[in-house]
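**Student:** Encoded as structure tokens, here's the structure I'll be asking about.
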Amino acid sequence: MNAAADRDGAREAPASLPEGLRPETLAVRMGLPASRHGENSEALFLSSAFVQPDAETAARRFAQMEDFTYSRTANPSVRSLEMRLAAMEGAQAAIATATGMSAILLLGMGLLRAGDHVVCSRSVFGSTIGLFGKEFAKFGVRTDFVSQTDVGEWRGAMRPETRLLFAETPTNPLTEVCDIRALADLAHGAGALLAVDNTFCTPVLQRPLELGADLVMHAGTKFLDGQGRVMAGALCGSARLIREVFWPVLRTAGMVLSPFNAWVVLKALETLSLRMRAQSENTLAVARWLERHPAVERVFYPGLPSHPQHDLAMAQQSGVGGAVLSFIVRAADAQAARHAAFHVVDRTRVLSIAANLGDTKTIITHPATTSHGRLTEEQRQAAGITQGLIRLAVGLEHVDDITDDLQRGLGTL
Ligand SMILES: *Cc1c(COP(=O)(O)O)cnc(C)c1O
């Protein structure tokens, strides 16, 4: 912190924080020190430029990229978010981006060059498949998409030029879980890096770096904000990767996070642990209720013993299933299934019909005609996105109001 703050007696927050604080504490306390005014809630620095004390200092700061000069290079609100998120993920450093997708764009631009090869699960977020499979391919980077759960398929896809493995767990909407430690071992044995999209679990439930991953990616748009307000993204990893590989690209390419959005997410991280646990508890209750329902054929939720990777999920996700589930309504054929799913969606009066997740408001989605609507029916069948499938991203409403809302449709099929 600057001399003015010392003069005014403001405490330098991170410097004065004792070692060994737990994630819940860091989620509330980590960040840049308060300004000279001593605000208790972090200030929002909506400023594109920062005034320099003199030409000499300006020259040094611009040359060394230190302190704050221009918000495409660095901004205090964004920096505080990066510090807090890194602390929560157990990472040395983090870098924030405009959206989740731009975090993956930064990952690719920083790590990959023409001729490099990527292995990626074929169950990852749809736009992630588009970015690796189509956009990066334009620049000579090839990606092979493999099974989410079969490590043997990942191993079979490895090539001498494989530089990156990219995984997401659990996946959307079928909640398939992959073994982070096994993929990290595979990557490291081949001199490659493993990046994990941790959007669904957040560091509250799952810390991929502790399981051997090299990089964690976030769509902060989802649970980190958690109230459906802003877009945001981030990468977390070693100080070397973040500072030497990703910062130079971000500063040049400019997909930086808006300070306002950074501030919203920074404050939202303070309640992330409470929200994740409460929403996951609601989700488990809804999953159990659905599994007993005669109109439901199958429920996909890592917290249920019926989930194929239940044991792995419980070991990897702090014993918690997360706040997204999906289920299939019982029907005679695909046409009837679609009709039944639409009926359940349309009978709701409380849930939001939308295509987001990680909100305090429960969201109900029909993946086959929305998030996965652009796939052919054949591709959808291969991915398990059937017409009777409904996804729920469970929020903080009373659990009985959520099941009552689902019963309006499920009880009248
Ligand atoms: C939403 C999402 C993304 C993309 O994030 P945006 O902020 O929408 O760009 C990436 N991965 C997962 C798992 C997501 O849910």
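In the structure tokens, chains take letters A, B, ... by order of appearance, with residues numbered from 1 within each chain and ligands from 1 in the order shown.
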Residues up to 8 Å from ligand 1, counting only C-alpha atoms and all ligand atoms: could you list those as a VMD selection string?
**Tutor:** chain A and resid 98 to 103 124 to 125 127 to 128 168 171 to 172 197 to 200 218 to 222 231 to 233 356 to 357
**Student:** Which neighbours of Asp405 in chain A fall inside 8 Å, counting only C-alpha atoms, when residues of the same chain fewer than 2 positions from it are skipped, and could you give them as a PyMOL selection string?
**Tutor:** chain A and resi 347-351+401-403+407-409
**Student:** Near range 58-69 of chain A, counting only C-alpha atoms, which residues have an atom at most 12 Å away, once you skip same-chain residues fewer than 6 positions from it, shown as a list in words?
**Tutor:**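 So the residues in contact are Met1, Asn2, Leu32, Phe45, Ser47, Ser48, Ala49, Phe50, Val51, Gln52, Asn75, Pro76, Ser77, Val78, Arg79, Arg243, Glu244, Trp247, Pro248 and Arg251 of chain A.
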**Student:** Within range 295-352 of chain A, find each residue whose DSSP state, derived from the backbone, is alpha helix (DSSP H), and express the selection as a PyMOL selection string.
**Tutor:** chain A and resi 310-316+334-347
**Student:** Need to verify the contact set: Val394 in chain A, 9 Å, only C-alpha atoms, exclusion of same-chain residues closer than 4 positions in sequence. Can you return it as a list of chain:residue names?
**Tutor:** A:Gln279, A:Ser280, A:Asn282, A:Thr283, A:Val286, A:Ala323, A:Val324, A:Leu325, A:Leu357, A:Gly358, A:Asp359, A:Thr360, A:Lys361, A:Thr362, A:Ile363, A:Ile364, A:Ile402
**Student:** What parts of range 87-241 of chain A does DSSP call strand (DSSP E or B)? I'd like the answer as a count of residues only.
**Tutor:** 37
**Student:** With only C-alpha atoms as the counted atoms, please give the residues lying no more than 7 Å from Arg391 in chain A, apart from itself and same-chain residues fewer than 3 positions off, as a list of chain:residue names.
**Tutor:** A:Pro173, A:Leu325, A:Ser326, A:Phe327, A:Ile364, A:Thr365, A:His366, A:Pro367
**Student:** Env of range 295-312 of chain A: 10 Å cut, atoms = only C-alpha atoms, seq-sep filter 6 positions within chain, self excluded. Answer as a VMD selection string.
**Tutor:** chain A and resid 149 170 173 to 180 280 to 281 283 to 285 287 to 289 319 to 331 340 388 to 391 407 409 to 413
**Student:** Atoms to include: N, CA and C atoms. Write the selected residues as a compact mmCIF listing (two decimals), in the first residue's frame.
**Tutor:**
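Written file, selection.txt:
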# COMPACT_ATOMS: atom_id res chain seq x y z
N THR A 149 -15.53 -40.17 -18.90
CA THR A 149 -15.27 -41.03 -17.74
C THR A 149 -14.22 -42.13 -17.98
N PRO A 170 -18.48 -31.77 -12.37
CA PRO A 170 -19.34 -32.60 -13.20
C PRO A 170 -19.79 -31.83 -14.45
N PRO A 173 -25.59 -31.43 -19.13
CA PRO A 173 -26.52 -31.51 -17.99
C PRO A 173 -26.51 -32.88 -17.30
N LEU A 174 -25.66 -33.83 -17.74
CA LEU A 174 -25.79 -35.20 -17.23
C LEU A 174 -24.94 -35.46 -15.98
N THR A 175 -24.22 -34.47 -15.51
CA THR A 175 -23.44 -34.54 -14.26
C THR A 175 -22.44 -35.70 -14.24
N GLU A 176 -21.83 -35.99 -15.40
CA GLU A 176 -20.79 -37.03 -15.43
C GLU A 176 -19.52 -36.49 -14.75
N VAL A 177 -18.87 -37.37 -13.99
CA VAL A 177 -17.71 -36.96 -13.21
C VAL A 177 -16.45 -37.61 -13.77
N CYS A 178 -15.38 -36.83 -13.93
CA CYS A 178 -14.11 -37.44 -14.35
C CYS A 178 -13.12 -37.42 -13.19
N ASP A 179 -12.12 -38.27 -13.29
CA ASP A 179 -11.15 -38.45 -12.22
C ASP A 179 -9.99 -37.46 -12.44
N ILE A 180 -10.00 -36.36 -11.69
CA ILE A 180 -9.02 -35.29 -11.91
C ILE A 180 -7.60 -35.80 -11.68
N SER A 280 -26.72 -27.00 -2.61
CA SER A 280 -26.45 -28.43 -2.80
C SER A 280 -27.37 -29.28 -1.92
N GLU A 281 -27.63 -28.80 -0.71
CA GLU A 281 -28.54 -29.50 0.19
C GLU A 281 -29.94 -29.55 -0.42
N THR A 283 -30.60 -29.40 -3.55
CA THR A 283 -30.54 -30.23 -4.75
C THR A 283 -30.63 -31.70 -4.39
N LEU A 284 -29.94 -32.11 -3.33
CA LEU A 284 -29.99 -33.50 -2.90
C LEU A 284 -31.43 -33.87 -2.51
N ALA A 285 -32.10 -32.97 -1.82
CA ALA A 285 -33.49 -33.25 -1.40
C ALA A 285 -34.40 -33.37 -2.63
N ALA A 287 -33.42 -34.19 -5.65
CA ALA A 287 -33.00 -35.40 -6.37
C ALA A 287 -33.65 -36.64 -5.75
N ARG A 288 -33.66 -36.70 -4.43
CA ARG A 288 -34.26 -37.86 -3.75
C ARG A 288 -35.76 -37.91 -4.02
N TRP A 289 -36.38 -36.74 -4.00
CA TRP A 289 -37.83 -36.67 -4.26
C TRP A 289 -38.13 -37.13 -5.69
N GLY A 319 -17.70 -34.56 -0.59
CA GLY A 319 -18.88 -35.30 -0.16
C GLY A 319 -20.20 -34.64 -0.53
N VAL A 320 -20.15 -33.70 -1.48
CA VAL A 320 -21.34 -32.93 -1.84
C VAL A 320 -21.57 -33.05 -3.36
N GLY A 321 -22.83 -33.14 -3.76
CA GLY A 321 -23.14 -33.38 -5.16
C GLY A 321 -23.20 -32.15 -6.04
N GLY A 322 -23.26 -30.96 -5.43
CA GLY A 322 -23.39 -29.74 -6.22
C GLY A 322 -24.84 -29.33 -6.38
N ALA A 323 -25.11 -28.31 -7.17
CA ALA A 323 -26.44 -27.71 -7.22
C ALA A 323 -27.10 -27.80 -8.60
N VAL A 324 -26.66 -28.79 -9.39
CA VAL A 324 -27.29 -29.02 -10.69
C VAL A 324 -27.64 -30.50 -10.80
N LEU A 325 -28.86 -30.78 -11.25
CA LEU A 325 -29.25 -32.17 -11.51
C LEU A 325 -30.05 -32.19 -12.80
N SER A 326 -30.22 -33.38 -13.36
CA SER A 326 -31.16 -33.52 -14.47
C SER A 326 -31.93 -34.81 -14.28
N PHE A 327 -33.08 -34.89 -14.97
CA PHE A 327 -33.91 -36.09 -14.86
C PHE A 327 -34.69 -36.30 -16.15
N ILE A 328 -35.09 -37.56 -16.36
CA ILE A 328 -35.85 -37.91 -17.56
C ILE A 328 -37.28 -38.24 -17.15
N VAL A 329 -38.23 -37.61 -17.82
CA VAL A 329 -39.64 -37.93 -17.54
C VAL A 329 -40.01 -39.21 -18.29
N ARG A 330 -40.84 -40.00 -17.68
CA ARG A 330 -41.25 -41.28 -18.26
C ARG A 330 -42.17 -41.03 -19.46
N ALA A 331 -41.90 -41.67 -20.58
CA ALA A 331 -42.76 -41.53 -21.76
C ALA A 331 -42.54 -42.69 -22.71
N ALA A 340 -44.13 -34.38 -22.72
CA ALA A 340 -44.18 -34.48 -21.26
C ALA A 340 -43.21 -33.49 -20.61
N GLY A 388 -36.82 -36.24 -23.32
CA GLY A 388 -37.49 -36.23 -22.01
C GLY A 388 -36.63 -35.67 -20.89
N LEU A 389 -35.42 -35.20 -21.26
CA LEU A 389 -34.48 -34.73 -20.23
C LEU A 389 -34.77 -33.29 -19.80
N ILE A 390 -34.78 -33.06 -18.50
CA ILE A 390 -34.97 -31.72 -17.93
C ILE A 390 -33.81 -31.44 -16.98
N ARG A 391 -33.25 -30.24 -17.06
CA ARG A 391 -32.19 -29.87 -16.13
C ARG A 391 -32.69 -28.87 -15.11
N GLN A 407 -44.23 -30.79 -9.06
CA GLN A 407 -45.37 -31.69 -8.97
C GLN A 407 -46.56 -31.19 -9.80
N GLY A 409 -46.58 -30.23 -12.76
CA GLY A 409 -46.52 -30.89 -14.06
C GLY A 409 -46.39 -32.40 -13.94
N LEU A 410 -45.49 -32.85 -13.08
CA LEU A 410 -45.25 -34.29 -12.96
C LEU A 410 -46.49 -35.04 -12.48
N GLY A 411 -47.32 -34.37 -11.69
CA GLY A 411 -48.52 -35.00 -11.15
C GLY A 411 -49.68 -35.00 -12.13
N THR A 412 -49.54 -34.32 -13.27
CA THR A 412 -50.66 -34.19 -14.21
C THR A 412 -50.29 -34.69 -15.61
N LEU A 413 -49.31 -35.57 -15.69
CA LEU A 413 -48.88 -36.08 -17.01
C LEU A 413 -49.90 -37.09 -17.55
**Student:** Pick out the closest residue to Leu257 in chain A from this set: A:Ser123, A:Thr143, A:Thr73, A:Thr25. Count only C-alpha atoms.
**Tutor:**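 For Leu257 in chain A, the nearest of the candidates is A:Thr73.
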